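Pasted below: entry.pdb, PDB, C-alpha atoms.
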ATOM      1  CA  MET A1496      84.991 142.882  90.811
ATOM      2  CA  ASP A1497      86.371 141.193  87.678
ATOM      3  CA  ALA A1498      89.264 143.443  86.652
ATOM      4  CA  TYR A1499      89.959 141.453  83.494
ATOM      5  CA  TRP A1500      86.333 141.857  82.391
ATOM      6  CA  PHE A1501      86.585 145.643  82.642
ATOM      7  CA  GLU A1502      89.958 145.724  80.909
ATOM      8  CA  THR A1503      88.588 143.660  78.035
ATOM      9  CA  LEU A1504      85.513 145.832  77.551
ATOM     10  CA  LEU A1505      87.465 149.083  77.694
ATOM     11  CA  ALA A1506      90.093 147.752  75.269
ATOM     12  CA  SER A1507      87.410 146.742  72.774
ATOM     13  CA  ASP A1508      86.687 148.681  69.578
ATOM     14  CA  ASP A1509      82.964 148.471  70.317
ATOM     15  CA  PRO A1510      81.456 151.719  71.717
ATOM     16  CA  GLY A1511      78.706 149.636  73.287
ATOM     17  CA  SER A1512      81.281 147.760  75.365
ATOM     18  CA  HIS A1513      82.788 151.052  76.500
ATOM     19  CA  TRP A1514      79.347 152.278  77.540
ATOM     20  CA  TRP A1515      78.570 149.124  79.509
ATOM     21  CA  ALA A1516      81.916 149.178  81.319
ATOM     22  CA  ALA A1517      81.494 152.858  82.220
ATOM     23  CA  CYS A1518      78.000 152.134  83.518
ATOM     24  CA  GLN A1519      79.209 149.313  85.771
ATOM     25  CA  LEU A1520      82.178 151.327  87.043
ATOM     26  CA  MET A1521      79.774 153.796  88.643
ATOM     27  CA  ASN A1522      79.334 151.308  91.478
ATOM     28  CA  ALA A1523      82.872 149.929  91.552
ATOM     29  CA  GLY A1524      84.168 152.296  94.213
ATOM     30  CA  VAL A1525      87.909 152.407  94.778
ATOM     31  CA  GLU A1526      88.312 149.112  92.884
ATOM     32  CA  GLY A1527      87.537 151.069  89.725
ATOM     33  CA  LEU A1528      90.621 153.268  90.114
ATOM     34  CA  PRO A1529      92.960 151.029  88.036
ATOM     35  CA  HIS A1530      90.542 151.405  85.105
ATOM     36  CA  LEU A1531      90.358 155.185  85.273
ATOM     37  CA  PRO A1532      93.282 155.765  82.852
ATOM     38  CA  GLN A1533      91.524 153.705  80.162
ATOM     39  CA  LEU A1534      88.288 155.539  80.842
ATOM     40  CA  LEU A1535      89.944 158.938  80.487
ATOM     41  CA  ASP A1536      91.859 157.895  77.368
ATOM     42  CA  LEU A1537      88.621 156.806  75.685
ATOM     43  CA  ARG A1538      86.996 160.083  76.645
ATOM     44  CA  ASP A1539      89.866 162.083  75.151
ATOM     45  CA  ARG A1540      89.185 160.515  71.757
ATOM     46  CA  LEU A1541      85.698 162.010  71.631
ATOM     47  CA  ASP A1542      84.670 165.499  70.586
ATOM     48  CA  LEU A1543      81.937 166.268  73.097
ATOM     49  CA  PRO A1544      79.982 168.963  71.220
ATOM     50  CA  SER A1545      79.823 167.030  67.950
ATOM     51  CA  GLN A1546      79.701 163.335  68.879
ATOM     52  CA  THR A1547      76.275 161.938  68.005
ATOM     53  CA  ASP A1548      76.593 158.150  68.326
ATOM     54  CA  THR A1549      74.145 157.174  71.070
ATOM     55  CA  ARG A1550      76.560 154.612  72.501
ATOM     56  CA  GLU A1551      79.376 157.157  72.637
ATOM     57  CA  ARG A1552      76.994 159.613  74.252
ATOM     58  CA  GLY A1553      76.013 156.995  76.811
ATOM     59  CA  PHE A1554      79.675 156.317  77.473
ATOM     60  CA  VAL A1555      80.369 159.993  78.160
ATOM     61  CA  LEU A1556      77.416 160.264  80.545
ATOM     62  CA  TYR A1557      78.334 157.201  82.589
ATOM     63  CA  ALA A1558      82.098 157.671  82.417
ATOM     64  CA  THR A1559      81.739 161.181  83.810
ATOM     65  CA  ARG A1560      79.689 159.993  86.783
ATOM     66  CA  SER A1561      81.990 156.990  87.283
ATOM     67  CA  THR A1562      85.035 159.238  87.420
ATOM     68  CA  GLY A1563      83.443 161.230  90.234
ATOM     69  CA  THR A1564      82.378 158.200  92.267
ATOM     70  CA  ILE A1565      85.728 156.438  91.839
ATOM     71  CA  LEU A1566      87.773 159.471  92.905
ATOM     72  CA  ASN A1567      85.463 160.059  95.858
ATOM     73  CA  ALA A1568      85.870 156.457  97.009
ATOM     74  CA  ALA A1569      89.643 156.616  96.564
ATOM     75  CA  GLY A1570      89.966 159.923  98.399
ATOM     76  CA  PHE A1571      91.103 162.782  96.190
ATOM     77  CA  ASP A1572      94.876 163.289  96.127
ATOM     78  CA  HIS A1573      96.108 166.647  94.805
ATOM     79  CA  ASP A1574      99.542 165.140  94.169
ATOM     80  CA  ASP A1575      98.228 162.312  91.999
ATOM     81  CA  GLN A1576      98.102 163.396  88.358
ATOM     82  CA  LEU A1577      95.455 160.793  87.569
ATOM     83  CA  HIS A1578      93.168 162.327  90.187
ATOM     84  CA  VAL A1579      93.883 165.821  88.889
ATOM     85  CA  ARG A1580      93.209 164.708  85.323
ATOM     86  CA  GLY A1581      89.881 163.159  86.302
ATOM     87  CA  CYS A1582      88.828 166.282  88.176
ATOM     88  CA  ARG A1583      89.720 168.510  85.226
ATOM     89  CA  TRP A1584      87.689 166.311  82.911
ATOM     90  CA  ILE A1585      84.619 166.525  85.127
ATOM     91  CA  ASN A1586      84.912 170.299  85.362
ATOM     92  CA  SER A1587      85.331 170.604  81.588
ATOM     93  CA  VAL A1588      82.189 168.561  80.946
ATOM     94  CA  THR A1589      80.086 171.233  82.672
ATOM     95  CA  ASP A1590      80.976 173.617  79.826
ATOM     96  CA  CYS A1591      79.718 171.266  77.108
ATOM     97  CA  ASP A1592      77.253 172.776  74.631
ATOM     98  CA  ASP A1593      75.092 169.672  75.044
ATOM     99  CA  ILE A1594      72.985 170.600  78.077
ATOM    100  CA  ASP A1595      72.342 167.007  79.132
ATOM    101  CA  ILE A1596      76.056 166.242  79.166
ATOM    102  CA  ALA A1597      76.817 169.493  80.996
ATOM    103  CA  ALA A1598      74.220 168.535  83.613
ATOM    104  CA  ILE A1599      75.910 165.165  84.117
ATOM    105  CA  GLY A1600      79.162 167.034  84.670
ATOM    106  CA  ILE A1601      77.516 168.983  87.483
ATOM    107  CA  TRP A1602      76.176 165.761  89.002
ATOM    108  CA  ALA A1603      79.673 164.268  88.794
ATOM    109  CA  ILE A1604      81.095 167.229  90.705
ATOM    110  CA  GLY A1605      78.647 166.348  93.462
ATOM    111  CA  ASP A1606      79.773 162.713  93.227
ATOM    112  CA  LEU A1607      83.409 163.768  93.588
ATOM    113  CA  GLY A1608      82.739 166.023  96.578
ATOM    114  CA  THR A1609      85.555 167.714  98.483
ATOM    115  CA  PRO A1610      88.446 167.792  98.402
ATOM    116  CA  PRO A1611      89.302 169.301  95.970
ATOM    117  CA  GLN A1612      88.138 172.837  96.700
ATOM    118  CA  SER A1613      87.660 173.379  92.969
ATOM    119  CA  THR A1614      84.417 171.386  93.177
ATOM    120  CA  VAL A1615      82.870 173.953  95.487
ATOM    121  CA  ASP A1616      84.244 176.812  93.390
ATOM    122  CA  ARG A1617      82.818 175.314  90.200
ATOM    123  CA  LEU A1618      79.397 174.651  91.713
ATOM    124  CA  LEU A1619      79.260 178.152  93.167
ATOM    125  CA  ASN A1620      80.120 179.619  89.772
ATOM    126  CA  CYS A1621      77.328 177.592  88.149
ATOM    127  CA  VAL A1622      74.822 178.651  90.806
ATOM    128  CA  GLN A1623      75.629 182.314  90.308
ATOM    129  CA  HIS A1624      76.275 182.552  86.574
ATOM    130  CA  ASP A1625      74.992 179.562  84.546
ATOM    131  CA  ASP A1626      71.539 180.445  83.192
ATOM    132  CA  ARG A1627      71.187 177.538  80.744
ATOM    133  CA  PHE A1628      68.058 175.370  80.734
ATOM    134  CA  ASP A1629      67.392 171.951  79.270
ATOM    135  CA  PRO A1630      65.361 171.780  76.019
ATOM    136  CA  SER A1631      62.099 171.483  77.970
ATOM    137  CA  GLY A1632      62.770 174.819  79.643
ATOM    138  CA  LEU A1633      61.856 173.294  82.990
ATOM    139  CA  HIS A1634      65.231 172.400  84.479
ATOM    140  CA  SER A1635      68.169 174.775  84.824
ATOM    141  CA  LEU A1636      71.795 173.845  85.247
ATOM    142  CA  ARG A1637      72.100 176.272  88.134
ATOM    143  CA  SER A1638      69.325 174.452  90.012
ATOM    144  CA  ILE A1639      71.244 171.186  89.636
ATOM    145  CA  ALA A1640      74.403 172.966  90.775
ATOM    146  CA  PHE A1641      72.557 174.260  93.845
ATOM    147  CA  ARG A1642      71.395 170.734  94.658
ATOM    148  CA  MET A1643      74.957 169.399  94.362
ATOM    149  CA  LEU A1644      76.340 172.310  96.373
ATOM    150  CA  ALA A1645      73.904 171.446  99.157
ATOM    151  CA  ARG A1646      75.315 167.926  99.104
ATOM    152  CA  VAL A1647      78.943 169.057  99.135
ATOM    153  CA  ASP A1648      78.740 172.158 101.365
ATOM    154  CA  ARG A1649      75.367 172.542 103.081
ATOM    155  CA  ALA A1650      76.474 175.609 105.046
ATOM    156  CA  LEU A1651      77.407 177.487 101.880
ATOM    157  CA  ALA A1652      74.199 176.443 100.129
ATOM    158  CA  SER A1653      72.224 177.719 103.117
ATOM    159  CA  ASN A1654      73.569 181.192 102.378
ATOM    160  CA  LEU A1655      72.258 181.040  98.809
ATOM    161  CA  THR A1656      68.588 180.316  99.412
ATOM    162  CA  ASP A1657      67.565 183.674  97.943
ATOM    163  CA  THR A1658      69.053 182.871  94.526
ATOM    164  CA  LEU A1659      67.261 181.925  91.316
ATOM    165  CA  ALA A1660      69.113 178.615  91.461
ATOM    166  CA  CYS A1661      67.524 177.751  94.796
ATOM    167  CA  ASN A1662      64.068 178.855  93.660
ATOM    168  CA  GLU A1663      64.344 176.752  90.515
ATOM    169  CA  TYR A1664      65.546 173.766  92.523
ATOM    170  CA  ALA A1665      62.589 174.068  94.899
ATOM    171  CA  SER A1666      60.166 174.364  91.964
ATOM    172  CA  ALA A1667      61.653 171.306  90.272
ATOM    173  CA  MET A1668      61.373 169.254  93.456
ATOM    174  CA  SER A1669      57.748 170.329  93.908
ATOM    175  CA  ALA A1670      56.978 169.260  90.337
ATOM    176  CA  TRP A1671      58.658 165.877  90.827
ATOM    177  CA  ILE A1672      56.788 165.280  94.096
ATOM    178  CA  ALA A1673      53.484 166.131  92.396
ATOM    179  CA  ALA A1674      54.306 163.818  89.490
ATOM    180  CA  ALA A1675      55.149 160.985  91.881
ATOM    181  CA  LYS A1676      51.851 161.491  93.689
ATOM    182  CA  ALA A1677      49.944 161.322  90.399
ATOM    183  CA  ARG A1678      51.368 157.950  89.356
ATOM    184  CA  PRO A1679      48.897 155.045  89.262
ATOM    185  CA  ALA A1680      48.561 152.709  92.225
ATOM    186  CA  GLY A1681      51.066 149.885  92.179
ATOM    187  CA  HIS A1682      53.988 151.995  91.004
ATOM    188  CA  TYR A1683      56.919 152.509  93.325
ATOM    189  CA  ASP A1684      56.245 155.598  95.423
ATOM    190  CA  HIS A1685      59.190 157.975  95.135
ATOM    191  CA  GLY A1686      57.344 160.625  97.134
ATOM    192  CA  PRO A1687      59.026 160.053 100.513
ATOM    193  CA  GLU A1688      62.481 160.034  98.919
ATOM    194  CA  LEU A1689      61.786 163.199  96.949
ATOM    195  CA  LYS A1690      60.365 165.007  99.970
ATOM    196  CA  ALA A1691      63.418 164.120 102.041
ATOM    197  CA  LYS A1692      65.846 165.800  99.639
ATOM    198  CA  PRO A1693      64.690 169.426 100.118
ATOM    199  CA  ALA A1694      63.678 168.910 103.784
ATOM    200  CA  TRP A1695      66.757 170.808 104.959
ATOM    201  CA  LEU A1696      65.712 173.762 102.807
ATOM    202  CA  LEU A1697      62.225 173.875 104.294
ATOM    203  CA  ALA A1698      63.709 173.706 107.783
ATOM    204  CA  HIS A1699      66.172 176.475 106.935
ATOM    205  CA  ASN A1700      63.355 178.695 105.678
ATOM    206  CA  GLY A1701      61.120 177.878 108.616
ATOM    207  CA  GLY A1702      58.682 175.929 106.426
TER     208      GLY A1702
END
This structure in structure tokens:
Amino acid sequence: MDAYWFETLLASDDPGSHWWAACQLMNAGVEGLPHLPQLLDLRDRLDLPSQTDTRERGFVLYATRSTGTILNAAGFDHDDQLHVRGCRWINSVTDCDDIDIAAIGIWAIGDLGTPPQSTVDRLLNCVQHDDRFDPSGLHSLRSIAFRMLARVDRALASNLTDTLACNEYASAMSAWIAAAKARPAGHYDHGPELKAKPAWLLAHNGG
């Protein structure tokens, strides 16, 4: 990984450069950790509910996910203030009024995983209390939280299969599988991948 390249992009005044760096850092793993302070500093300059620049929006989406993947690869350290700061940012994003950004925050919690325990606590809170849907009315934040909870703590998610969050997750997966099946011949078939994701749920329910 070219550390200087990332430093240059993140130090630029161009929001598009920030977006591109954040996008690439999603796959940087632990090597992205030295760039996390710059990433968080750039994020702190933005007002999430009101920022409308598409490049700034793209930066927030990718930077949030990148923060989760980087901290997961590094191994979360409760005594490291940079790690704590990144975790707090991810958790705060889930409260954003912009539903798409809030959803990315939930995904990033799943990227971060455990430790810290706060990831499980936050996902559980979303599953039980967050009734927001995206503008289409088809996808709920609690269903995404249930999906991430199943990734982070399968045993706990298995105890929540009677919730609206689980039902909405199962419905969303069924819709995506049907949509994949309806795609014209020659397109990449996502069906097997999609079916594999809720397989544990079907097995748990005896389906």
Inset, instruction - Give me the residues within 12 Å of Asp1548 (chain A) as a ChimeraX atom specification, counting all atoms listed in the file and dropping any in the same chain fewer than 5 places off. - result: /A:1509-1511,1514,1541-1543,1553-1555
Legend entry - Evaluate the PyMOL selection byres ((chain A and resi 1648-1660) around 8) and report residues as a PyMOL selection string: chain A and resi 1615+1622-1623+1635+1637-1641+1644-1647+1661-1664+1696+1699
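A straight line drawn from CA of Leu1535 (chain A) to CA of Leu1636 (chain A) is 24.0 Å long.
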Could the residues of region 1598-1658 of chain A that have an atom at most 7 Å from region 1564-1581 of chain A be listed as a tab-separated table, each with its closest atom pair and the distance in Å to one decimal, counting all atoms listed in the file and ordered by chain and ascending residue number?
residue	atom	partner	partner_atom	distance
A:Asp1606	CA	A:Thr1564	CA	5.3
A:Leu1607	CA	A:Asn1567	CA	4.8
A:Gly1608	CA	A:Asn1567	CA	6.6
A:Pro1610	CA	A:Phe1571	CA	6.1
A:Pro1611	CA	A:Phe1571	CA	6.8
Grab the residues selected above and save them as a compact mmCIF listing (two decimals), in the frame of the given file with C-alpha atoms.
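After the write, result.txt holds the following:
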# COMPACT_ATOMS: atom_id res chain seq x y z
CA ASP A 1606 79.77 162.71 93.23
CA LEU A 1607 83.41 163.77 93.59
CA GLY A 1608 82.74 166.02 96.58
CA PRO A 1610 88.45 167.79 98.40
CA PRO A 1611 89.30 169.30 95.97
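Going from CA of Phe1501 (chain A) to CA of Leu1528 (chain A) covers 11.4 Å.
Interatomic distance, CA of Ile1601 (chain A) to CA of Thr1503 (chain A): 29.2 Å.
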What do you get, as a PDB file with C-alpha atoms, keeping the file's coordinate frame, if you spell out every residue that the PyMOL selection byres ((chain A and resi 1586) around 8) selects here?
ATOM      1  CA  CYS A1582      88.828 166.282  88.176  1.00  0.00           C
ATOM      2  CA  ARG A1583      89.720 168.510  85.226  1.00  0.00           C
ATOM      3  CA  TRP A1584      87.689 166.311  82.911  1.00  0.00           C
ATOM      4  CA  ILE A1585      84.619 166.525  85.127  1.00  0.00           C
ATOM      5  CA  SER A1587      85.331 170.604  81.588  1.00  0.00           C
ATOM      6  CA  VAL A1588      82.189 168.561  80.946  1.00  0.00           C
ATOM      7  CA  THR A1589      80.086 171.233  82.672  1.00  0.00           C
ATOM      8  CA  ASP A1590      80.976 173.617  79.826  1.00  0.00           C
ATOM      9  CA  GLY A1600      79.162 167.034  84.670  1.00  0.00           C
ATOM     10  CA  ILE A1601      77.516 168.983  87.483  1.00  0.00           C
ATOM     11  CA  ILE A1604      81.095 167.229  90.705  1.00  0.00           C
ATOM     12  CA  THR A1614      84.417 171.386  93.177  1.00  0.00           C
ATOM     13  CA  ARG A1617      82.818 175.314  90.200  1.00  0.00           C
TER      14      ARG A1617
END
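In this comparison, which uses all atoms listed in the file, the residue of A:Ala1597, A:His1530, A:Trp1602, A:Leu1537 approaching Asp1625 (chain A) most closely is A:Ala1597.
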Shell around Ser1561 (chain A) at 6 Å using all atoms listed in the file, local window under 4 positions removed, as a PDB file with C-alpha atoms, keeping the file's coordinate frame:
ATOM      1  CA  LEU A1520      82.178 151.327  87.043  1.00  0.00           C
ATOM      2  CA  MET A1521      79.774 153.796  88.643  1.00  0.00           C
ATOM      3  CA  TYR A1557      78.334 157.201  82.589  1.00  0.00           C
ATOM      4  CA  ILE A1565      85.728 156.438  91.839  1.00  0.00           C
TER       5      ILE A1565
END
